[in-house]
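Trainee: The structure file final.txt (compact mmCIF, C-alpha atoms) is provided below.
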```
# COMPACT_ATOMS: atom_id res chain seq x y z
CA MET A 1 2.39 27.18 5.73
CA HIS A 2 0.27 24.66 3.97
CA PRO A 3 1.76 21.26 3.35
CA THR A 4 2.31 21.08 -0.38
CA ASN A 5 0.98 17.58 -0.85
CA ASN A 6 -1.16 17.09 -3.91
CA SER A 7 -4.40 15.16 -3.91
CA HIS A 8 -3.03 11.91 -5.30
CA THR A 9 -0.21 11.39 -2.85
CA GLY A 10 -2.63 12.68 -0.20
CA ILE A 11 -5.09 9.84 -0.83
CA LEU A 12 -2.29 7.31 -1.22
CA GLN A 13 -0.69 8.41 2.04
CA ARG A 14 -3.97 8.36 3.90
CA ASP A 15 -4.97 4.88 2.71
CA LEU A 16 -1.57 3.44 3.55
CA LEU A 17 -1.49 5.18 6.93
CA VAL A 18 -4.92 3.77 7.78
CA ALA A 19 -3.76 0.31 6.64
CA ILE A 20 -0.60 0.49 8.77
CA ARG A 21 -2.55 1.60 11.85
CA GLN A 22 -5.16 -1.13 11.38
CA GLY A 23 -2.76 -3.88 10.28
CA SER A 24 -5.50 -6.17 9.07
CA ASP A 25 -5.60 -4.54 5.61
CA PHE A 26 -2.09 -5.82 4.93
CA LEU A 27 -2.23 -9.05 6.87
CA ASN A 28 -5.62 -10.56 5.99
CA PRO A 29 -5.10 -11.09 2.23
CA LEU A 30 -1.50 -12.19 2.83
CA LEU A 31 -2.44 -14.74 5.50
CA PHE A 32 -5.30 -15.99 3.34
CA PHE A 33 -2.83 -16.45 0.47
CA VAL A 34 -0.39 -18.38 2.67
CA MET A 35 -3.05 -20.50 4.39
CA THR A 36 -4.92 -21.61 1.27
CA THR A 37 -1.68 -22.45 -0.54
CA THR A 38 -0.60 -24.48 2.48
CA LEU A 39 -3.76 -26.56 2.09
CA VAL A 40 -2.60 -27.88 -1.28
CA PRO A 41 0.14 -30.29 -0.09
CA LEU A 42 -2.13 -31.36 2.75
CA ALA A 43 -5.08 -32.08 0.50
CA VAL A 44 -3.42 -33.29 -2.72
CA SER A 45 -0.12 -34.96 -1.97
CA PRO A 46 3.17 -33.95 -0.38
CA SER A 47 5.16 -35.53 -3.21
CA PRO A 48 7.37 -32.90 -4.90
CA SER A 49 6.84 -34.28 -8.41
CA GLN A 50 3.06 -33.96 -8.15
CA LEU A 51 3.20 -30.56 -6.45
CA ALA A 52 5.58 -29.13 -9.03
CA VAL A 53 3.02 -29.79 -11.79
CA ILE A 54 0.18 -27.89 -10.12
CA ALA A 55 2.28 -25.24 -8.31
CA PRO A 56 2.00 -22.42 -10.92
CA GLY A 57 -1.76 -22.77 -11.22
CA MET A 58 -2.38 -23.10 -7.50
CA ILE A 59 -0.30 -20.04 -6.60
CA TRP A 60 -2.06 -17.97 -9.24
CA ILE A 61 -5.54 -19.10 -8.16
CA THR A 62 -4.91 -18.40 -4.47
CA ALA A 63 -3.35 -15.03 -5.33
CA LEU A 64 -6.49 -14.18 -7.32
CA LEU A 65 -8.78 -15.19 -4.45
CA ALA A 66 -6.69 -13.28 -1.90
CA THR A 67 -6.94 -10.00 -3.86
CA LEU A 68 -10.66 -10.61 -4.31
CA LEU A 69 -10.98 -10.83 -0.53
CA ALA A 70 -9.81 -7.25 0.02
CA LEU A 71 -11.65 -5.77 -2.95
CA ASP A 72 -14.98 -5.10 -1.28
CA GLY A 73 -13.54 -2.51 1.09
CA ILE A 74 -11.75 -0.42 -1.52
CA PHE A 75 -14.58 2.17 -1.72
CA LYS A 76 -17.05 0.80 0.84
CA ASP A 77 -15.04 1.86 3.89
CA ASP A 78 -14.90 5.41 2.54
CA LEU A 79 -18.62 5.37 1.81
CA ALA A 80 -19.39 4.24 5.37
CA ASP A 81 -17.49 7.11 7.02
CA GLY A 82 -18.58 9.72 4.48
CA SER A 83 -15.17 10.46 2.96
CA LEU A 84 -16.13 8.92 -0.39
CA LEU A 85 -18.58 11.79 -1.00
CA GLN A 86 -15.75 14.26 -0.32
CA ILE A 87 -13.59 12.44 -2.88
CA ILE A 88 -16.37 12.53 -5.48
CA LEU A 89 -17.08 16.21 -4.77
CA SER A 90 -13.43 17.22 -5.02
CA PRO A 91 -12.74 19.54 -7.95
CA LYS A 92 -9.72 17.35 -8.77
CA SER A 93 -10.34 14.82 -11.54
CA LEU A 94 -12.03 11.77 -10.08
CA TRP A 95 -10.19 9.24 -12.22
CA SER A 96 -6.83 10.34 -10.81
CA LEU A 97 -8.14 10.06 -7.24
CA VAL A 98 -9.51 6.60 -8.08
CA LEU A 99 -6.12 5.66 -9.52
CA ALA A 100 -4.48 6.70 -6.23
CA LYS A 101 -6.88 4.42 -4.35
CA VAL A 102 -6.10 1.56 -6.74
CA ILE A 103 -2.35 2.03 -6.24
CA ALA A 104 -2.90 2.00 -2.47
CA HIS A 105 -4.94 -1.20 -2.81
CA TRP A 106 -2.19 -2.84 -4.84
CA LEU A 107 0.48 -1.82 -2.30
CA LYS A 108 -1.70 -3.35 0.44
CA THR A 109 -2.55 -6.63 -1.32
CA GLY A 110 -0.75 -7.28 -4.61
CA LEU A 111 2.74 -6.30 -3.51
CA PRO A 112 2.86 -8.41 -0.30
CA ILE A 113 1.40 -11.36 -2.22
CA THR A 114 4.00 -10.99 -4.98
CA LEU A 115 6.83 -10.86 -2.43
CA MET A 116 5.50 -13.89 -0.56
CA ALA A 117 4.99 -15.99 -3.71
CA PRO A 118 8.60 -17.32 -4.08
CA LEU A 119 8.40 -18.76 -0.57
CA LEU A 120 5.20 -20.59 -1.42
CA GLY A 121 6.79 -21.68 -4.70
CA MET A 122 9.52 -23.38 -2.68
CA MET A 123 6.90 -25.02 -0.48
CA LEU A 124 5.17 -26.43 -3.58
CA SER A 125 8.52 -27.55 -5.09
CA LEU A 126 8.31 -25.14 -8.01
CA PRO A 127 11.36 -25.72 -10.25
CA GLY A 128 13.96 -22.94 -10.31
CA GLU A 129 13.14 -21.68 -13.81
CA GLY A 130 9.63 -20.71 -12.70
CA TYR A 131 10.49 -18.03 -10.12
CA ILE A 132 11.26 -15.07 -12.39
CA PRO A 133 8.06 -15.36 -14.48
CA LEU A 134 6.09 -16.08 -11.27
CA VAL A 135 7.19 -12.89 -9.52
CA THR A 136 7.08 -10.59 -12.56
CA GLY A 137 3.77 -12.09 -13.67
CA LEU A 138 2.21 -11.70 -10.23
CA ALA A 139 3.44 -8.11 -9.87
CA VAL A 140 1.74 -7.14 -13.14
CA GLY A 141 -1.20 -9.51 -12.73
CA THR A 142 -2.19 -8.39 -9.23
CA ALA A 143 -2.07 -4.79 -10.50
CA CYS A 144 -4.58 -5.84 -13.19
CA PHE A 145 -6.72 -7.44 -10.48
CA SER A 146 -6.74 -4.17 -8.50
CA LEU A 147 -7.55 -2.06 -11.59
CA ILE A 148 -10.36 -4.31 -12.84
CA GLY A 149 -11.60 -4.94 -9.33
CA ALA A 150 -11.97 -1.21 -8.68
CA VAL A 151 -14.58 -0.99 -11.45
CA GLY A 152 -16.63 -3.79 -9.87
CA ALA A 153 -16.14 -2.39 -6.37
CA ALA A 154 -17.33 1.04 -7.56
CA LEU A 155 -20.46 -0.43 -9.15
CA THR A 156 -21.42 -2.41 -6.04
CA VAL A 157 -20.31 0.20 -3.49
CA ALA A 158 -23.78 1.03 -2.17
CA LEU A 159 -25.15 -2.51 -2.16
CA GLN A 160 -25.62 -4.09 1.25
CA ARG A 161 -24.44 -7.56 0.29
CA GLY A 162 -22.37 -6.63 -2.72
CA GLY A 163 -19.44 -8.90 -1.87
CA VAL A 164 -20.57 -12.02 -3.72
CA LEU A 165 -21.98 -10.03 -6.62
CA LEU A 166 -18.68 -8.19 -6.86
CA SER A 167 -16.79 -11.49 -7.14
CA LEU A 168 -19.16 -12.70 -9.84
CA VAL A 169 -18.82 -9.44 -11.79
CA VAL A 170 -15.04 -9.20 -11.81
CA MET A 171 -14.02 -12.88 -11.90
CA PRO A 172 -14.68 -13.37 -15.66
CA LEU A 173 -12.50 -10.33 -16.34
CA TYR A 174 -9.72 -11.94 -14.30
CA PHE A 175 -9.63 -14.98 -16.63
CA PRO A 176 -7.18 -13.54 -19.20
CA VAL A 177 -4.80 -12.45 -16.43
CA LEU A 178 -4.89 -15.90 -14.86
CA ILE A 179 -4.43 -17.66 -18.20
CA PHE A 180 -1.42 -15.60 -19.29
CA GLY A 181 0.09 -15.48 -15.80
CA ALA A 182 -0.11 -19.17 -14.96
CA SER A 183 0.89 -20.32 -18.44
CA SER A 184 4.01 -18.12 -18.43
CA VAL A 185 5.23 -19.96 -15.32
CA GLN A 186 4.29 -23.34 -16.77
CA ARG A 187 6.11 -22.62 -20.02
CA ALA A 188 9.23 -21.51 -18.12
CA VAL A 189 9.17 -24.74 -16.08
CA GLN A 190 8.84 -26.80 -19.29
CA GLY A 191 11.78 -24.93 -20.79
CA LEU A 192 9.69 -23.10 -23.39
CA GLU A 193 9.78 -19.42 -24.35
CA TYR A 194 7.70 -17.51 -21.75
CA LEU A 195 8.44 -13.87 -22.56
CA PRO A 196 5.76 -13.57 -25.28
CA VAL A 197 3.14 -14.72 -22.78
CA LEU A 198 4.37 -12.21 -20.20
CA ALA A 199 4.27 -9.56 -22.93
CA MET A 200 0.59 -10.38 -23.50
CA LEU A 201 0.03 -9.91 -19.78
CA GLY A 202 1.86 -6.59 -19.99
CA ALA A 203 -0.35 -5.52 -22.88
CA PHE A 204 -3.45 -6.44 -20.89
CA PHE A 205 -2.10 -4.44 -17.94
CA THR A 206 -1.57 -1.40 -20.16
CA PHE A 207 -5.13 -1.71 -21.42
CA THR A 208 -6.61 -1.94 -17.90
CA LEU A 209 -4.40 0.95 -16.73
CA LEU A 210 -5.66 3.16 -19.54
CA THR A 211 -9.34 2.28 -19.17
CA GLY A 212 -9.78 1.09 -15.55
CA PRO A 213 -9.56 4.40 -13.64
CA PHE A 214 -11.99 6.13 -16.05
CA ALA A 215 -14.43 3.22 -15.92
CA ALA A 216 -14.19 3.04 -12.13
CA ALA A 217 -14.76 6.81 -11.77
CA ALA A 218 -17.85 6.61 -13.98
CA ALA A 219 -19.04 3.51 -12.12
CA LEU A 220 -18.61 5.30 -8.81
CA ARG A 221 -20.99 8.11 -9.79
CA VAL A 222 -23.57 5.47 -10.73
CA GLY A 223 -22.76 3.20 -7.82
CA ILE A 224 -23.26 5.68 -4.97
CA ASN A 225 -26.91 6.08 -5.94
CA GLY A 226 -27.46 2.38 -5.19
CA MET B 1 -25.96 43.01 -0.64
CA ALA B 2 -26.09 41.91 -4.23
CA THR B 3 -29.56 41.22 -5.49
CA THR B 4 -28.79 38.94 -8.40
CA PRO B 5 -29.34 35.40 -7.21
CA LEU B 6 -26.31 33.13 -7.11
CA LEU B 7 -28.19 29.91 -6.56
CA GLU B 8 -31.56 29.31 -8.19
CA LEU B 9 -33.79 26.28 -7.85
CA GLN B 10 -36.33 26.24 -10.68
CA ASN B 11 -39.45 24.12 -10.40
CA LEU B 12 -37.48 21.30 -8.85
CA ALA B 13 -39.05 17.86 -8.37
CA PHE B 14 -37.61 14.55 -7.28
CA GLU B 15 -39.03 11.06 -7.53
CA ARG B 16 -37.43 8.04 -5.93
CA ASP B 17 -38.36 4.76 -7.61
CA ASP B 18 -41.41 6.48 -9.19
CA TRP B 19 -42.48 7.68 -5.74
CA PRO B 20 -42.66 11.49 -5.72
CA LEU B 21 -40.79 13.17 -2.86
CA PHE B 22 -41.22 16.89 -3.51
CA GLU B 23 -42.27 19.04 -6.47
CA SER B 24 -42.64 22.66 -7.70
CA LEU B 25 -39.73 23.84 -5.56
CA SER B 26 -38.48 27.24 -6.70
CA ILE B 27 -36.12 29.36 -4.63
CA ALA B 28 -33.48 31.99 -5.34
CA LEU B 29 -30.58 32.64 -2.96
CA CYS B 30 -28.31 35.68 -3.10
CA ALA B 31 -24.88 36.24 -1.63
CA GLY B 32 -25.18 36.44 2.16
CA ASP B 33 -28.26 34.23 2.40
CA VAL B 34 -28.59 31.54 5.03
CA MET B 35 -31.34 29.01 4.47
CA GLN B 36 -32.51 26.31 6.83
CA ILE B 37 -34.29 23.31 5.35
CA SER B 38 -36.74 21.92 7.86
CA GLY B 39 -39.39 19.28 7.73
CA PRO B 40 -40.33 15.90 9.11
CA ASN B 41 -38.09 12.86 8.65
CA GLY B 42 -38.23 11.44 5.17
CA CYS B 43 -39.46 14.58 3.43
CA GLY B 44 -36.30 14.79 1.30
CA LYS B 45 -33.93 17.18 3.10
CA THR B 46 -30.83 15.08 2.46
CA THR B 47 -31.97 14.34 -1.09
CA LEU B 48 -32.38 18.05 -1.80
CA LEU B 49 -28.87 18.75 -0.47
CA HIS B 50 -27.53 15.89 -2.58
CA ILE B 51 -29.21 17.39 -5.66
CA LEU B 52 -27.46 20.69 -4.92
CA THR B 53 -24.10 18.86 -4.70
CA THR B 54 -24.81 17.13 -8.06
CA LEU B 55 -24.66 13.69 -6.37
CA HIS B 56 -28.30 13.18 -7.44
CA SER B 57 -30.02 14.61 -10.48
CA PRO B 58 -33.49 16.10 -10.08
CA SER B 59 -36.37 14.33 -11.83
CA TYR B 60 -37.66 17.66 -13.18
CA GLY B 61 -36.51 21.24 -13.05
CA SER B 62 -33.02 22.62 -12.78
CA VAL B 63 -30.55 24.20 -10.41
CA LEU B 64 -28.62 27.25 -11.59
CA TRP B 65 -25.37 28.53 -10.06
CA ARG B 66 -24.28 31.98 -11.28
CA GLY B 67 -26.91 31.62 -14.00
CA GLU B 68 -25.72 28.31 -15.38
CA ALA B 69 -27.14 24.86 -14.83
CA ILE B 70 -24.99 22.93 -12.36
CA ASN B 71 -23.22 19.82 -13.43
CA GLY B 72 -20.30 17.92 -11.94
CA SER B 73 -17.83 20.42 -13.40
CA ALA B 74 -14.74 21.33 -11.40
CA ILE B 75 -15.67 25.03 -11.52
CA TYR B 76 -18.86 24.44 -9.53
CA LEU B 77 -17.31 21.85 -7.20
CA ALA B 78 -14.46 24.24 -6.35
CA GLU B 79 -17.01 26.72 -4.93
CA LEU B 80 -18.85 24.09 -2.95
CA ALA B 81 -18.32 22.66 0.52
CA PHE B 82 -20.57 19.79 1.53
CA ILE B 83 -20.64 18.08 4.90
CA GLY B 84 -23.00 15.16 5.11
CA HIS B 85 -24.52 12.96 7.79
CA GLN B 86 -21.32 10.99 8.18
CA PRO B 87 -18.48 13.29 9.20
CA GLY B 88 -16.09 11.96 6.52
CA VAL B 89 -13.38 11.48 9.10
CA LYS B 90 -11.05 8.47 9.16
CA LEU B 91 -11.10 7.08 12.68
CA ALA B 92 -7.61 5.56 12.44
CA LEU B 93 -6.10 8.99 11.72
CA THR B 94 -5.70 12.06 13.91
CA ALA B 95 -7.69 15.25 13.38
CA ARG B 96 -4.57 16.89 11.92
CA GLU B 97 -4.04 14.03 9.44
CA ASN B 98 -7.68 14.19 8.41
CA MET B 99 -7.37 17.92 7.75
CA ARG B 100 -4.18 17.40 5.74
CA TRP B 101 -6.07 14.92 3.55
CA CYS B 102 -8.90 17.44 3.17
CA LEU B 103 -6.40 20.02 1.92
CA GLY B 104 -5.23 17.54 -0.70
CA LEU B 105 -8.75 17.45 -2.15
CA PHE B 106 -9.85 21.07 -1.81
CA ALA B 107 -8.36 24.52 -2.12
CA PRO B 108 -7.51 26.14 1.25
CA ARG B 109 -8.38 29.66 2.38
CA LYS B 110 -5.62 32.19 2.53
CA ASN B 111 -3.90 32.87 5.85
CA ILE B 112 -5.12 29.84 7.69
CA THR B 113 -3.30 26.76 8.85
CA ILE B 114 -4.54 23.38 9.95
CA ASP B 115 -3.57 24.33 13.50
CA THR B 116 -5.64 27.49 13.61
CA ALA B 117 -8.59 25.77 11.90
CA LEU B 118 -8.60 23.03 14.53
CA ASP B 119 -8.22 25.63 17.31
CA SER B 120 -11.20 27.57 15.96
CA ALA B 121 -13.24 24.38 15.89
CA GLY B 122 -12.48 23.86 19.57
CA LEU B 123 -10.17 20.91 19.14
CA ASN B 124 -6.97 22.43 20.54
CA THR B 125 -6.47 19.60 23.03
CA CYS B 126 -7.04 16.66 20.70
CA LYS B 127 -5.32 17.46 17.39
CA ASP B 128 -2.95 14.52 17.53
CA VAL B 129 -4.92 11.67 19.02
CA PRO B 130 -6.61 9.09 16.77
CA CYS B 131 -10.16 10.15 15.93
CA SER B 132 -11.40 6.75 17.17
CA THR B 133 -10.91 8.07 20.71
CA LEU B 134 -13.05 11.18 20.09
CA SER B 135 -16.73 11.53 21.00
CA ALA B 136 -19.48 11.95 18.40
CA GLY B 137 -19.58 15.68 19.08
CA GLN B 138 -15.81 16.02 18.70
CA LEU B 139 -15.95 14.08 15.41
CA ARG B 140 -18.59 16.51 14.17
CA ARG B 141 -16.23 19.36 15.16
CA VAL B 142 -13.44 17.75 13.12
CA ALA B 143 -15.78 17.61 10.12
CA LEU B 144 -16.82 21.25 10.64
CA ALA B 145 -13.17 22.32 11.00
CA ALA B 146 -12.98 21.84 7.24
CA LEU B 147 -15.25 24.91 6.90
CA TYR B 148 -12.58 27.07 8.57
CA LEU B 149 -9.97 25.60 6.27
CA ARG B 150 -11.64 25.47 2.87
CA ASP B 151 -12.16 28.26 0.41
CA ALA B 152 -15.76 27.78 -0.77
CA THR B 153 -18.70 30.10 -1.42
CA LEU B 154 -21.62 27.70 -1.11
CA TRP B 155 -21.87 25.63 2.06
CA LEU B 156 -24.26 22.68 2.03
CA LEU B 157 -24.52 21.15 5.48
CA ASP B 158 -26.65 18.16 6.35
CA GLU B 159 -27.64 18.22 10.03
CA PRO B 160 -24.49 20.14 11.12
CA LEU B 161 -25.79 20.55 14.69
CA THR B 162 -26.02 16.82 15.42
CA ALA B 163 -24.19 15.93 18.66
CA LEU B 164 -22.80 19.47 19.12
CA ASP B 165 -22.84 21.09 22.57
CA SER B 166 -24.00 24.67 23.14
CA ASP B 167 -20.45 26.07 22.88
CA ALA B 168 -19.90 24.39 19.52
CA ILE B 169 -23.27 25.63 18.26
CA ALA B 170 -22.33 29.19 19.29
CA ASP B 171 -19.01 28.78 17.43
CA LEU B 172 -20.86 27.55 14.36
CA GLU B 173 -23.29 30.48 14.52
CA SER B 174 -20.44 32.98 14.53
CA LEU B 175 -18.80 31.07 11.67
CA PHE B 176 -22.07 31.30 9.70
CA GLU B 177 -22.22 35.04 10.46
CA THR B 178 -18.65 35.53 9.17
CA HIS B 179 -19.34 33.51 6.04
CA ARG B 180 -22.52 35.36 5.11
CA ARG B 181 -20.80 38.71 5.64
CA ALA B 182 -18.08 37.57 3.25
CA GLY B 183 -20.78 36.99 0.63
CA GLY B 184 -21.18 33.26 1.05
CA ILE B 185 -24.35 31.21 0.95
CA ILE B 186 -25.24 28.56 3.51
CA VAL B 187 -27.93 25.93 3.04
CA PHE B 188 -28.32 23.57 5.96
CA SER B 189 -30.83 21.08 7.22
CA SER B 190 -31.72 20.94 10.89
CA HIS B 191 -34.58 20.41 13.29
CA GLN B 192 -33.16 23.04 15.65
CA ALA B 193 -33.40 26.80 15.19
CA LEU B 194 -30.20 28.85 15.15
CA SER B 195 -30.02 32.13 17.05
CA ILE B 196 -28.80 34.23 14.13
CA ASP B 197 -30.92 36.81 12.36
CA GLY B 198 -32.43 36.56 8.93
CA VAL B 199 -32.28 32.81 8.46
CA ARG B 200 -34.61 31.91 5.63
CA ASN B 201 -36.69 28.87 6.30
CA LEU B 202 -37.63 26.29 3.71
CA ALA B 203 -40.36 24.05 5.09
CA LEU B 204 -39.87 21.21 2.67
CA ALA B 205 -43.10 19.48 3.76
CA GLU B 206 -45.05 22.23 1.93
CA PHE B 207 -43.63 20.95 -1.32
CA THR B 208 -44.35 17.29 -0.66
CA ALA B 209 -45.76 15.92 -3.88
CA LYS B 210 -49.39 14.90 -3.95
CA VAL B 211 -49.70 11.33 -5.07
CA HIS B 212 -51.55 11.49 -8.36
```
So that I can check it, write out the structure of this file as structure tokens.
Mentor:
Amino acid sequence: MHPTNNSHTGILQRDLLVAIRQGSDFLNPLLFFVMTTTLVPLAVSPSPSQLAVIAPGMIWITALLATLLALDGIFKDDLADGSLLQIILSPKSLWSLVLAKVIAHWLKTGLPITLMAPLLGMMLSLPGEGYIPLVTGLAVGTACFSLIGAVGAALTVALQRGGVLLSLVVMPLYFPVLIFGASSVQRAVQGLEYLPVLAMLGAFFTFTLLTGPFAAAAALRVGING
Amino acid sequence: MATTPLLELQNLAFERDDWPLFESLSIALCAGDVMQISGPNGCGKTTLLHILTTLHSPSYGSVLWRGEAINGSAIYLAELAFIGHQPGVKLALTARENMRWCLGLFAPRKNITIDTALDSAGLNTCKDVPCSTLSAGQLRRVALAALYLRDATLWLLDEPLTALDSDAIADLESLFETHRRAGGIIVFSSHQALSIDGVRNLALAEFTAKVH
């Protein structure tokens, strides 16, 4: 009997299994997120009133940098061991396989970061009203980071030192996510209406979800030729 | 044997960064043909195989499969099995898990299981250990196990004999023999000769482009 797994869950399962066996895929971005956020009270000031002002922005910036850290490997590891060519040469539609890889990347980086964020919010004295927009915003925002990042990672997949270039390519596209995400938390803390801002973030997520996998699949075919 | 060619290369040429690699390459392969691409390092063996997989596009000329120009369409890819230089095996996973992933991407043959495919590839003792503990030759066997498992007509193999011992080469020769008898086509690159009859040889160096 053949196992009746389809290609998408197959890729998702494999990427997560590899990540669990290696450990570092989950832990590195998460530890980076925790460590850099811990630097803020040390470097700026431990006073709660000062920290509370910068907390939303700092958490969002470190979350952005932490997802960026793990982006380079999203296709590069598969290129190095040859399995990326098998993915590209599969008769299944490439965009759906790319989407499975993006989901795996989000489960490895975005989800742990989102779950860790409230703890760091407490460390930075984030007022209570900020937690719901912080967590929902990060959940959607890190998914945008993974979707947009996949396009950049696909373009730079065959480049030897593509890491810095990749950051420079995708960072400008991260700006809207950061702006909507951080400002939704800030508005909640100030007692203003934050749902419209989160809705904008949701709209941006929908747009990246609808275009990202196709763009990344096309970029991959270009990218593997260096 | 059928005489209409399944795979045709018509006046194929490839330039990398305006540097010509090979030119005027025309070949027709029918069902049951086995072709070895040979030639010195850097003459374009891997590039030619990549052109046949549609990973690269030729600079001139065209490749026809069943009379139609190949493109990245699912119909062509479904008939194709490519194994490249890198085995395409995840080291953190076991051979069985790697095969399961392979089945997610490609259609399996009838009446074969992952177990029997791995047994045929000579991996019966190491199906469930992480591939990171396997030797280079065993990793190559894991990659080649996909050929027992997958339902494809055209096999494109880049240096399949690398790191294989004599037993594994004998296994591969009998697998080639079975595949050609079933009407398949095999194109592989190697510096070693196989001991099966009727292997067509393509000395790629003869088509090396003259620098104009």
Trainee: Measuring between only C-alpha atoms, which one of B:Thr3, B:Ser24, B:Ser62, B:Thr208 shows the shortest distance to B:Gly42?
Mentor: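 Under the stated criterion, the closest residue is B:Thr208.
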Trainee: Kindly determine which residues of chain A lie within 10 Å of chain B, considering only C-alpha atoms, and give the answer as a ChimeraX atom specification.
Mentor: /A:1-15,17-22,77-93,97,221-222,224-225
Trainee: Please provide as a compact mmCIF listing (two decimals) with C-alpha atoms, keeping the file's coordinate frame all residues within 10 Å of stretch 196-198 of chain B, with the sequence filter that same-chain residues fewer than 6 positions apart are discarded (counting all atoms listed in the file).
Mentor:
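Output file out.txt is given in full below:
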```
# COMPACT_ATOMS: atom_id res chain seq x y z
CA GLY B 32 -25.18 36.44 2.16
CA ASP B 33 -28.26 34.23 2.40
CA VAL B 34 -28.59 31.54 5.03
CA MET B 35 -31.34 29.01 4.47
CA ALA B 170 -22.33 29.19 19.29
CA GLU B 173 -23.29 30.48 14.52
CA SER B 174 -20.44 32.98 14.53
CA PHE B 176 -22.07 31.30 9.70
CA GLU B 177 -22.22 35.04 10.46
```
Trainee: Which residues are close to B:Ala31, i.e. within 12 Å by all atoms listed in the file, leaving aside same-chain residues fewer than 6 positions away? Reply as a VMD selection string.
Mentor: chain B and resid 1 to 8 65 to 66 153 to 155 179 to 187
Trainee: For a test of reading the model, state the distance in Å between atom CA of B:Asp17 and atom CA of A:Trp95, rounded to one decimal.
Mentor: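 About the pair atom CA of B:Asp17 and atom CA of A:Trp95: they are 28.9 Å apart.
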Trainee: Quick one, how far is atom CA of A:Met200 from atom CA of A:Thr37?
Mentor: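 Value for the atom CA of A:Met200-atom CA of A:Thr37 distance: 26.0 Å.
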Trainee: What's around A:Ala117 at 7 Å? Count all atoms listed in the file, leave out sequence neighbours fewer than 4 positions away in its own chain, and write the answer as a ChimeraX atom specification.
Mentor: /A:113,121,135
Trainee: Give the padded box for stretch 17-34 of chain B as AutoDock Vina command-line options: axis-aligned, covering all atoms listed in the file, 6 Å on each side, centre and edge lengths in Å to one decimal.
Mentor:
```
--center_x -33.8 --center_y 20.6 --center_z -2.1 --size_x 29.8 --size_y 43.7 --size_z 26.2
```
Trainee: Residues at most 9 Å from stretch 53-57 of chain A, counting all atoms listed in the file, excluding those fewer than 3 positions away in the same chain, as a list in words?
Mentor: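 That gives Val40, Pro48, Ser49, Gln50, Trp60, Ile61, Thr62, Leu120, Gly121, Leu124, Ser125, Leu126, Gly130, Leu134, Leu178, Gly181, Ala182, Ser183, Ser184, Val185 and Gln186 of chain A.
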Trainee: For the atom pair atom CA of B:Ala69 and atom CA of A:Leu220, what is the interatomic distance in Å to one decimal place?
Mentor: 22.2 Å
Trainee: Do you know which residues lie at most 12 Å from (8.1, -13.6, -21.9), with coordinates as in the file and all atoms listed in the file counted, and could you write them as a list in words?
Mentor: Gly130, Ile132, Pro133, Leu134, Thr136, Gly137, Phe180, Gly181, Ser183, Ser184, Val185, Gln186, Arg187, Ala188, Gly191, Leu192, Glu193, Tyr194, Leu195, Pro196, Val197, Leu198, Ala199, Met200, Leu201, Gly202 and Ala203 of chain A
Trainee: Can I get the selected residues back with C-alpha atoms, as a PDB file, in the frame of the given file?
Mentor:
```pdb
ATOM      1  CA  GLY A 130       9.630 -20.710 -12.700  1.00  0.00           C
ATOM      2  CA  ILE A 132      11.260 -15.070 -12.390  1.00  0.00           C
ATOM      3  CA  PRO A 133       8.060 -15.360 -14.480  1.00  0.00           C
ATOM      4  CA  LEU A 134       6.090 -16.080 -11.270  1.00  0.00           C
ATOM      5  CA  THR A 136       7.080 -10.590 -12.560  1.00  0.00           C
ATOM      6  CA  GLY A 137       3.770 -12.090 -13.670  1.00  0.00           C
ATOM      7  CA  PHE A 180      -1.420 -15.600 -19.290  1.00  0.00           C
ATOM      8  CA  GLY A 181       0.090 -15.480 -15.800  1.00  0.00           C
ATOM      9  CA  SER A 183       0.890 -20.320 -18.440  1.00  0.00           C
ATOM     10  CA  SER A 184       4.010 -18.120 -18.430  1.00  0.00           C
ATOM     11  CA  VAL A 185       5.230 -19.960 -15.320  1.00  0.00           C
ATOM     12  CA  GLN A 186       4.290 -23.340 -16.770  1.00  0.00           C
ATOM     13  CA  ARG A 187       6.110 -22.620 -20.020  1.00  0.00           C
ATOM     14  CA  ALA A 188       9.230 -21.510 -18.120  1.00  0.00           C
ATOM     15  CA  GLY A 191      11.780 -24.930 -20.790  1.00  0.00           C
ATOM     16  CA  LEU A 192       9.690 -23.100 -23.390  1.00  0.00           C
ATOM     17  CA  GLU A 193       9.780 -19.420 -24.350  1.00  0.00           C
ATOM     18  CA  TYR A 194       7.700 -17.510 -21.750  1.00  0.00           C
ATOM     19  CA  LEU A 195       8.440 -13.870 -22.560  1.00  0.00           C
ATOM     20  CA  PRO A 196       5.760 -13.570 -25.280  1.00  0.00           C
ATOM     21  CA  VAL A 197       3.140 -14.720 -22.780  1.00  0.00           C
ATOM     22  CA  LEU A 198       4.370 -12.210 -20.200  1.00  0.00           C
ATOM     23  CA  ALA A 199       4.270  -9.560 -22.930  1.00  0.00           C
ATOM     24  CA  MET A 200       0.590 -10.380 -23.500  1.00  0.00           C
ATOM     25  CA  LEU A 201       0.030  -9.910 -19.780  1.00  0.00           C
ATOM     26  CA  GLY A 202       1.860  -6.590 -19.990  1.00  0.00           C
ATOM     27  CA  ALA A 203      -0.350  -5.520 -22.880  1.00  0.00           C
TER      28      ALA A 203
END
```
Trainee: List the spatial neighbours of A:Met35 as a count of residues only - criterion: any atom at most 12 Å away, only C-alpha atoms, same-chain residues fewer than 3 positions off excluded.
Mentor: 19
Trainee: Which one is closest to A:Leu69: A:Val164, A:Leu159, A:Val169, A:Ala216? Count only C-alpha atoms.
Mentor: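 The closest residue to A:Leu69 is A:Val164.
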